[in-house]
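Trainee: Just dropping this structure here.
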Amino acid sequence: MDKISLLCRGKSLGSIKLLPKVDECVIVNSFQNELKIKDVSDYVVECKKVTHVCSLGAQFKPMISNGIYEEYNINKIVLPYIKECCPPIPDFMRHIGVPIDEMSDVNKSDMVSTPRYKFTSPTAGMDALLYCVNDLQKKEINIIGIDFYDGVGYLTNSHGETTVNDEQAINRGEDTDMMKSFFINFVKKHSDVTFNIFTKSKFDEEIDNLKIILV
């Protein structure tokens with residue numbers, strides 16, 4: 001099917017009941033706490049195919065110890081890097097029993113350069129969005145949990161536990177205006193794809209192929 005849901009970890013995820021039902025979804029980073037929420041768990045468990053996009057700085061081990069890879073239909077772990085920028089993969093990850101892959105080079109044309117990576121996106125959530133369009137070639141994307149860090153989401157370190165200040169987040173590329181600009185440019189470039197974003201962000205951009213649902 002051409003439709004997919006992208007589930008990130010911002011506060012708008014609490015409105016997941018508003019999302020249309022789909023057969024396939026993508027979850028992003030350390031998602032074990034989000035899956036403790038009944039509405040989120042119910043949504044993911046009904047998806048026949050689940051891809052886990054997760055940076056190497058995020059917490060894999062609780063996902064393993066909590067049995068999440070067995071409980072849900074997770075078919076693949078995707079690292080949010082193209083191959084030439086991918087850090088070494090820890091040995092323990094290779095024994096999870098789920099295939100691990102990087103993003104394809106086709107994503108390069110949509111990526112930006114930072115001091116850390118020659119090709120990247122502002123956040124793993126943005127990488128996951130690129131993956132949905134460029135690698136999975138979906139034509140309709142339902143997005144929730146991306147609130148652009150504008151006072152309604154959260155700012156944390158890469159493990160998703162400890163809060164960080166705005167300066168640290170901006171240095172990593174998690175700047176509200178930067179993220180919004182990256183997202184808008186990507187949506188405009190891929191005019192053949194429909195983007196439905198459910199968000200708490202103050203976001204009112206008018207683009208033909210973008211539908212914004214404030215939650």
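Identifiers in the structure tokens: chain A, B, ... in order shown; residue index from 1 per chain; ligand index from 1 in order shown.
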Write out as a compact mmCIF listing (two decimals) with C-alpha atoms, in the first residue's frame the residues lying within 6 Å of Leu6 (chain A), counting only C-alpha atoms and excluding same-chain residues fewer than 6 positions away.
Mentor:
```
# COMPACT_ATOMS: atom_id res chain seq x y z
CA CYS A 25 4.13 2.31 10.36
CA VAL A 26 7.54 3.61 11.38
CA ILE A 143 2.94 12.08 10.76
```
Trainee: For region 180-197 of chain A, work out the shell of residues within 7 Å, counting only C-alpha atoms and skipping chain neighbours fewer than 5 positions away, then give it as a PDB file with C-alpha atoms, in the first residue's frame.
Mentor:
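The resulting file, around_20.pdb, is reproduced below:
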```pdb
ATOM      1  CA  ASP A 110      17.415  15.867   0.525  1.00  0.00           C
ATOM      2  CA  LYS A 139       2.697   8.441  -1.480  1.00  0.00           C
ATOM      3  CA  GLU A 140       0.751   9.381   1.648  1.00  0.00           C
ATOM      4  CA  ILE A 141       2.422   9.904   5.033  1.00  0.00           C
ATOM      5  CA  ASN A 142       0.549  10.387   8.320  1.00  0.00           C
ATOM      6  CA  ILE A 143       2.943  12.079  10.763  1.00  0.00           C
ATOM      7  CA  ILE A 144       2.462  12.449  14.507  1.00  0.00           C
ATOM      8  CA  PHE A 148       9.354  20.962  16.160  1.00  0.00           C
ATOM      9  CA  ASN A 209       0.259  18.607  -0.591  1.00  0.00           C
ATOM     10  CA  LEU A 210       0.419  19.336   3.172  1.00  0.00           C
ATOM     11  CA  LYS A 211      -2.490  18.987   5.572  1.00  0.00           C
ATOM     12  CA  ILE A 212      -1.906  20.288   9.108  1.00  0.00           C
ATOM     13  CA  ILE A 213      -4.114  18.966  11.918  1.00  0.00           C
TER      14      ILE A 213
END
```
Trainee: Give the answer as one residue: which of A:Ile27, A:Ile37, A:Ile146, A:Leu7 has the shortest atom-to-atom distance to Asn75 (chain A), using only C-alpha atoms?
Mentor: A:Ile27
Trainee: Could you pull out the residues in region 2-207 of chain A that DSSP calls strand (DSSP E or B) from the backbone, as a ChimeraX atom specification?
Mentor: /A:3-7,24-28,49-53,74-82,100-103,112,120,140-144,156,163,194-199
Trainee: With N, CA and C atoms retained, export the selected residues as a CSV table (one decimal), in the first residue's frame.
Mentor:
```csv
chain,number,residue,atom,x,y,z
A,3,LYS,N,0.3,4.0,1.7
A,3,LYS,CA,0.1,4.8,2.9
A,3,LYS,C,0.9,4.3,4.0
A,4,ILE,N,1.4,5.2,4.9
A,4,ILE,CA,2.2,4.8,6.0
A,4,ILE,C,2.1,5.8,7.1
A,5,SER,N,2.2,5.4,8.4
A,5,SER,CA,2.2,6.4,9.5
A,5,SER,C,3.6,6.4,10.1
A,6,LEU,N,4.0,7.7,10.4
A,6,LEU,CA,5.3,7.9,11.0
A,6,LEU,C,5.1,8.4,12.5
A,7,LEU,N,5.5,7.6,13.5
A,7,LEU,CA,5.2,7.9,14.9
A,7,LEU,C,6.5,8.4,15.6
A,24,GLU,N,1.0,-0.3,7.7
A,24,GLU,CA,2.5,-0.1,7.9
A,24,GLU,C,2.8,1.2,8.7
A,25,CYS,N,3.7,1.1,9.6
A,25,CYS,CA,4.1,2.3,10.4
A,25,CYS,C,5.6,2.3,10.6
A,26,VAL,N,6.1,3.4,11.0
A,26,VAL,CA,7.5,3.6,11.4
A,26,VAL,C,7.6,4.2,12.8
A,27,ILE,N,8.3,3.6,13.7
A,27,ILE,CA,8.5,4.2,15.0
A,27,ILE,C,10.0,4.7,15.1
A,28,VAL,N,10.2,5.7,15.9
A,28,VAL,CA,11.5,6.4,15.9
A,28,VAL,C,12.1,6.4,17.3
A,49,LYS,N,3.3,-4.3,9.4
A,49,LYS,CA,4.7,-4.1,9.1
A,49,LYS,C,5.1,-2.9,9.9
A,50,VAL,N,6.1,-3.0,10.8
A,50,VAL,CA,6.6,-1.9,11.6
A,50,VAL,C,8.2,-1.8,11.3
A,51,THR,N,8.6,-0.6,11.0
A,51,THR,CA,10.0,-0.4,10.8
A,51,THR,C,10.5,0.5,12.0
A,52,HIS,N,11.6,0.2,12.6
A,52,HIS,CA,12.1,0.9,13.7
A,52,HIS,C,13.3,1.7,13.2
A,53,VAL,N,13.2,3.0,13.1
A,53,VAL,CA,14.3,3.9,12.8
A,53,VAL,C,14.9,4.4,14.1
A,74,ILE,N,7.8,-5.9,14.0
A,74,ILE,CA,9.0,-5.1,13.5
A,74,ILE,C,9.8,-6.0,12.6
A,75,ASN,N,9.8,-5.5,11.3
A,75,ASN,CA,10.5,-6.3,10.3
A,75,ASN,C,11.9,-5.8,10.0
A,76,LYS,N,12.3,-4.6,10.5
A,76,LYS,CA,13.6,-4.1,10.2
A,76,LYS,C,14.0,-2.9,11.1
A,77,ILE,N,15.2,-2.9,11.5
A,77,ILE,CA,15.8,-1.7,12.1
A,77,ILE,C,16.5,-0.9,11.1
A,78,VAL,N,16.2,0.4,11.0
A,78,VAL,CA,16.9,1.3,10.0
A,78,VAL,C,17.7,2.3,10.8
A,79,LEU,N,19.0,2.4,10.5
A,79,LEU,CA,19.8,3.4,11.2
A,79,LEU,C,19.7,4.7,10.4
A,80,PRO,N,19.5,5.8,11.0
A,80,PRO,CA,19.3,7.1,10.3
A,80,PRO,C,20.5,7.7,9.8
A,81,TYR,N,21.3,6.9,9.0
A,81,TYR,CA,22.5,7.4,8.4
A,81,TYR,C,22.6,6.7,7.0
A,82,ILE,N,23.2,7.4,6.0
A,82,ILE,CA,23.6,6.7,4.8
A,82,ILE,C,24.9,5.9,5.2
A,100,ILE,N,19.2,-5.3,10.1
A,100,ILE,CA,19.6,-3.9,10.3
A,100,ILE,C,20.1,-3.3,9.0
A,101,ASP,N,19.6,-2.1,8.6
A,101,ASP,CA,20.0,-1.5,7.4
A,101,ASP,C,20.3,0.0,7.6
A,102,GLU,N,21.0,0.6,6.6
A,102,GLU,CA,21.1,2.1,6.6
A,102,GLU,C,20.1,2.6,5.6
A,103,MET,N,20.1,4.0,5.6
A,103,MET,CA,19.3,4.7,4.5
A,103,MET,C,20.1,4.6,3.2
A,112,VAL,N,21.3,17.6,4.5
A,112,VAL,CA,22.1,18.7,4.8
A,112,VAL,C,23.5,18.3,5.3
A,120,THR,N,23.1,14.4,6.4
A,120,THR,CA,22.2,14.1,7.5
A,120,THR,C,20.9,14.9,7.4
A,140,GLU,N,1.5,8.7,0.6
A,140,GLU,CA,0.8,9.4,1.6
A,140,GLU,C,1.3,9.0,3.0
A,141,ILE,N,1.8,10.1,3.7
A,141,ILE,CA,2.4,9.9,5.0
A,141,ILE,C,1.6,10.6,6.1
A,142,ASN,N,1.2,9.8,7.1
A,142,ASN,CA,0.5,10.4,8.3
A,142,ASN,C,1.6,10.6,9.4
A,143,ILE,N,1.8,11.8,9.9
A,143,ILE,CA,2.9,12.1,10.8
A,143,ILE,C,2.4,12.6,12.1
A,144,ILE,N,2.9,12.0,13.2
A,144,ILE,CA,2.5,12.4,14.5
A,144,ILE,C,3.7,12.4,15.5
A,156,THR,N,15.7,16.5,24.7
A,156,THR,CA,16.4,15.6,25.6
A,156,THR,C,17.8,15.2,25.0
A,163,THR,N,17.0,15.9,30.2
A,163,THR,CA,16.7,17.1,29.4
A,163,THR,C,18.0,17.9,29.1
A,194,THR,N,1.5,13.1,-0.4
A,194,THR,CA,0.6,13.8,0.5
A,194,THR,C,1.1,13.7,1.9
A,195,PHE,N,1.3,14.8,2.6
A,195,PHE,CA,1.8,14.8,4.0
A,195,PHE,C,0.7,15.2,4.9
A,196,ASN,N,0.3,14.4,5.8
A,196,ASN,CA,-0.7,14.8,6.8
A,196,ASN,C,0.0,14.8,8.2
A,197,ILE,N,0.2,16.0,8.7
A,197,ILE,CA,0.9,16.1,10.0
A,197,ILE,C,-0.1,16.5,11.2
A,198,PHE,N,-0.1,15.7,12.2
A,198,PHE,CA,-0.9,15.9,13.4
A,198,PHE,C,0.1,16.4,14.4
A,199,THR,N,0.0,17.7,14.9
A,199,THR,CA,1.0,18.3,15.6
A,199,THR,C,0.4,19.3,16.6
```
Trainee: Can you pull out every residue within 9 Å of Leu35 (chain A), counting only C-alpha atoms, but drop anything in the same chain fewer than 5 positions away, and send it as a ChimeraX atom specification?
Mentor: /A:40-42,44,68
Trainee: Counting only C-alpha atoms, which of A:Val98, A:Cys85, A:Met111, A:Cys54 gets nearest to Ser30 (chain A)?
Mentor: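 Looking only at the distances to Ser30 (chain A), the closest residue turns out to be A:Cys54.
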